[in-house]
Each structure stands twice: as C-alpha cells, then as structure tokens.
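Contents: one structure, followed by commentary.
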Amino acid sequence: MRAYHRGMPSQLLEVRVAAFADLDARTFHDLLRLRIDVFVVEQACPYPELDGRDVEPGTRHLWLTRDGDVVAYLRILADPGGVARMGRVVVAPGVRGGGLAGRLMTEALALVGDRPCVLEAQTHLVGFYAGHGFTVSGADYVEDGIPHTPMRRDG
C-alpha cells in the first residue's frame, strides 16, 4: 500500500492506493462501507456490491482519508487490451462540494498514465468527467434506476 500526504495539518488529506492483496481487513471494510452507504443505501439501489472485481490482481483501490476517515474512493480495473476502467467513484456525503472528487480523479488519472480509460458515468456527472478529459462514447442507458453514460479518455 502506498500513501502520501497533502493539505493542511489540521485536515490532513492522505492519498492511498493498493491492490486487494495489500489491503488489511479494516481498510477493506471501511472502503466497502462507504460504497454501500452511498450506492446501496443513499441511492436506494439494492444490488450485489461485491462483484468479484475488487480482488483481481490488476485492480487498484484508490482512496482519500482525512484525519484517518475514508472520505472518497474509486477503483481502477484492468480491462482487456490495456484499458483502465474506473468505477465505484464515491465521496462521503459530509464532505461533498469540497473538491475531493476532483482530487480523486487527478490522482487516478496519474496512476492510469497514458493508457486509455473508460467509465460508466451517472449522467448528471458527465460534465465533471468531461472536465477531466473524458468524452461520451456511447448511448445513455439506465442501470438500477439511474441514468448512465459511457465515457472514454484516450491517453
């Protein structure tokens, strides 16, 4: 697991990245709790959050902590052909609007480098992802009652 610090000491923001094999049980619990609290409970979408992709050797978990608490998360999957797939992008409700999603994406894109990258954006966030170089790559669709738009960013 790799970690580094950014921000003011009173609100220390720590950026962490790890493969599943490098996550301890408590950390994985905290990451899943944030994902479930937002995607399943807040968005009222009962679906199987554990899809098997978290444990794949090429998956990287990227998250931000503030004062030890997980405040934002995403995962980067290794899709065929060298394509990186971002997903499960989430910011804790109590810290939204503070620029953490942008910081998370900046860190993730630095990890991805010049590889092509795809994601399935919730449609209301297309502008956010466009600001990070993604373009719409397919037709909108509805998944679990939420409109989504496929997007792509070429390295």
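Every chain in the structure tokens has a letter given in the order shown (A, B, ...), and although residue numbers restart at 1 in each chain, ligands are simply numbered from 1 in the order shown.
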Exercise. Tell me, as a PyMOL selection string, which residues lie within 9 Å of stretch 84-100 of chain A, counting only C-alpha atoms; anything in the same chain fewer than 6 positions away does not count.
Key: chain A and resi 34-35+37-39+64+70-78+108+112+115-121
Need the shell around A:Asp69: protein/DNA/RNA residues with any atom at most 10 Å away, counting only C-alpha atoms. Skip same-chain ones fewer than 3 positions apart. Format as a compact mmCIF listing (two decimals) with C-alpha atoms, in the first residue's frame?
# COMPACT_ATOMS: atom_id res chain seq x y z
CA LEU A 13 -5.61 14.54 3.41
CA GLU A 14 -3.90 11.26 2.71
CA THR A 27 -9.39 -0.85 5.46
CA ASP A 30 -14.16 0.94 5.57
CA LEU A 31 -13.98 1.17 1.77
CA LEU A 64 -8.57 9.59 0.30
CA THR A 65 -8.59 9.78 4.07
CA ARG A 66 -8.95 12.86 6.23
CA ALA A 72 -13.51 9.35 -1.11
CA ALA A 92 -18.76 10.71 1.55
Quiz item: Mind pulling up the distance from atom CA of A:Thr135 to atom CA of A:Thr149?
Solution: 9.8 Å
Self-check item: All alpha helix (DSSP H) residues (DSSP, backbone) inside stretch 26-71 of chain A, as number ranges by chain
Solution: A: 26-35
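In this model, the gap between atom CA of A:Tyr129 and atom CA of A:His148 comes to 12.4 Å.
Across the model, the gap from atom CA of A:Gly58 to atom CA of A:Ala25 is 19.1 Å.
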Practice problem: Pick out the closest residue to A:Arg60 from this set: A:Thr106, A:Phe20, A:Tyr47, A:Asp114. Count only C-alpha atoms. | Solution: A:Phe20
Self-check item: All strand (DSSP E or B) positions in stretch 49-154 of chain A, as a ChimeraX atom specification
Solution: /A:60-66,69-79,83-91,117-122,135-136,141-143,146-153
Go ahead and save the picked residues with N, CA and C atoms, as a short mmCIF file (atom, residue, chain, number, x, y, z; two decimals), in the first residue's frame.
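This is the output file again_23.cif:
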data_model
loop_
_atom_site.label_atom_id
_atom_site.label_comp_id
_atom_site.auth_asym_id
_atom_site.auth_seq_id
_atom_site.Cartn_x
_atom_site.Cartn_y
_atom_site.Cartn_z
N ARG A 60 -6.74 -1.73 -8.80
CA ARG A 60 -6.12 -0.83 -7.82
C ARG A 60 -7.24 -0.06 -7.13
N HIS A 61 -7.18 -0.03 -5.82
CA HIS A 61 -8.10 0.73 -5.00
C HIS A 61 -7.42 2.04 -4.65
N LEU A 62 -8.10 3.14 -4.87
CA LEU A 62 -7.55 4.47 -4.60
C LEU A 62 -8.54 5.18 -3.69
N TRP A 63 -8.04 5.71 -2.58
CA TRP A 63 -8.93 6.40 -1.67
C TRP A 63 -8.23 7.54 -0.96
N LEU A 64 -9.05 8.45 -0.46
CA LEU A 64 -8.57 9.59 0.30
C LEU A 64 -9.06 9.44 1.73
N THR A 65 -8.18 9.74 2.68
CA THR A 65 -8.59 9.78 4.07
C THR A 65 -8.32 11.18 4.61
N ARG A 66 -9.15 11.59 5.52
CA ARG A 66 -8.95 12.86 6.23
C ARG A 66 -9.06 12.53 7.71
N ASP A 69 -10.24 9.01 8.45
CA ASP A 69 -11.51 8.53 7.93
C ASP A 69 -11.51 8.49 6.41
N VAL A 70 -12.05 7.43 5.83
CA VAL A 70 -12.19 7.34 4.37
C VAL A 70 -13.23 8.36 3.93
N VAL A 71 -12.84 9.27 3.04
CA VAL A 71 -13.76 10.32 2.59
C VAL A 71 -14.07 10.24 1.09
N ALA A 72 -13.26 9.50 0.33
CA ALA A 72 -13.51 9.35 -1.11
C ALA A 72 -12.81 8.09 -1.59
N TYR A 73 -13.35 7.51 -2.66
CA TYR A 73 -12.82 6.22 -3.14
C TYR A 73 -13.15 6.04 -4.62
N LEU A 74 -12.31 5.30 -5.30
CA LEU A 74 -12.62 4.73 -6.60
C LEU A 74 -11.73 3.52 -6.82
N ARG A 75 -12.12 2.70 -7.78
CA ARG A 75 -11.26 1.58 -8.13
C ARG A 75 -10.94 1.66 -9.61
N ILE A 76 -9.77 1.15 -9.95
CA ILE A 76 -9.32 1.10 -11.34
C ILE A 76 -9.14 -0.36 -11.69
N LEU A 77 -9.89 -0.81 -12.68
CA LEU A 77 -9.83 -2.20 -13.13
C LEU A 77 -8.97 -2.29 -14.38
N ALA A 78 -8.35 -3.44 -14.55
CA ALA A 78 -7.56 -3.70 -15.76
C ALA A 78 -8.43 -4.47 -16.74
N ASP A 79 -8.98 -3.77 -17.73
CA ASP A 79 -9.80 -4.41 -18.75
C ASP A 79 -8.89 -4.93 -19.88
N VAL A 83 -6.80 -1.38 -21.35
CA VAL A 83 -7.72 -0.31 -20.99
C VAL A 83 -7.95 -0.30 -19.48
N ALA A 84 -7.87 0.88 -18.88
CA ALA A 84 -8.20 1.05 -17.47
C ALA A 84 -9.68 1.40 -17.36
N ARG A 85 -10.37 0.78 -16.41
CA ARG A 85 -11.79 1.06 -16.20
C ARG A 85 -11.97 1.60 -14.78
N MET A 86 -12.42 2.86 -14.69
CA MET A 86 -12.68 3.46 -13.39
C MET A 86 -14.12 3.18 -12.99
N GLY A 87 -14.31 2.94 -11.71
CA GLY A 87 -15.66 2.70 -11.22
C GLY A 87 -15.75 2.90 -9.73
N ARG A 88 -16.99 2.81 -9.25
CA ARG A 88 -17.28 2.97 -7.82
C ARG A 88 -16.74 4.30 -7.28
N VAL A 89 -16.82 5.34 -8.10
CA VAL A 89 -16.34 6.66 -7.71
C VAL A 89 -17.33 7.23 -6.68
N VAL A 90 -16.84 7.54 -5.48
CA VAL A 90 -17.73 7.96 -4.42
C VAL A 90 -17.03 8.93 -3.47
N VAL A 91 -17.81 9.92 -3.01
CA VAL A 91 -17.35 10.86 -1.99
C VAL A 91 -18.36 10.80 -0.85
N CYS A 117 -8.76 4.99 -20.93
CA CYS A 117 -9.53 4.81 -19.71
C CYS A 117 -11.01 4.97 -20.02
N VAL A 118 -11.83 4.11 -19.47
CA VAL A 118 -13.28 4.18 -19.66
C VAL A 118 -13.98 4.20 -18.31
N LEU A 119 -15.21 4.69 -18.33
CA LEU A 119 -16.05 4.65 -17.13
C LEU A 119 -17.50 4.76 -17.55
N GLU A 120 -18.37 4.39 -16.63
CA GLU A 120 -19.81 4.48 -16.84
C GLU A 120 -20.31 5.57 -15.90
N ALA A 121 -20.43 6.79 -16.38
CA ALA A 121 -20.78 7.94 -15.54
C ALA A 121 -22.26 7.98 -15.24
N GLN A 122 -22.62 8.34 -14.01
CA GLN A 122 -24.00 8.72 -13.79
C GLN A 122 -24.20 9.97 -14.64
N THR A 135 -14.80 11.83 -22.89
CA THR A 135 -15.84 12.17 -23.86
C THR A 135 -16.87 11.06 -23.88
N VAL A 136 -18.08 11.40 -24.23
CA VAL A 136 -19.16 10.42 -24.34
C VAL A 136 -18.80 9.43 -25.43
N TYR A 141 -28.00 4.90 -20.92
CA TYR A 141 -28.78 3.73 -20.53
C TYR A 141 -29.13 3.90 -19.05
N VAL A 142 -30.07 3.10 -18.60
CA VAL A 142 -30.49 3.15 -17.19
C VAL A 142 -30.06 1.85 -16.52
N GLU A 143 -29.37 1.99 -15.39
CA GLU A 143 -28.96 0.83 -14.60
C GLU A 143 -29.40 1.07 -13.16
N ILE A 146 -30.94 4.41 -12.41
CA ILE A 146 -30.13 5.63 -12.51
C ILE A 146 -29.59 5.75 -13.94
N PRO A 147 -29.81 6.90 -14.59
CA PRO A 147 -29.27 7.10 -15.95
C PRO A 147 -27.73 7.13 -15.92
N HIS A 148 -27.13 6.43 -16.87
CA HIS A 148 -25.67 6.37 -17.02
C HIS A 148 -25.27 6.70 -18.45
N THR A 149 -24.04 7.15 -18.60
CA THR A 149 -23.48 7.47 -19.91
C THR A 149 -22.06 6.90 -19.99
N PRO A 150 -21.79 6.06 -21.00
CA PRO A 150 -20.42 5.56 -21.15
C PRO A 150 -19.49 6.68 -21.63
N MET A 151 -18.29 6.71 -21.07
CA MET A 151 -17.31 7.74 -21.43
C MET A 151 -15.94 7.12 -21.58
N ARG A 152 -15.09 7.82 -22.34
CA ARG A 152 -13.75 7.33 -22.62
C ARG A 152 -12.76 8.49 -22.63
N ARG A 153 -11.55 8.18 -22.21
CA ARG A 153 -10.45 9.15 -22.25
C ARG A 153 -9.25 8.42 -22.85
#
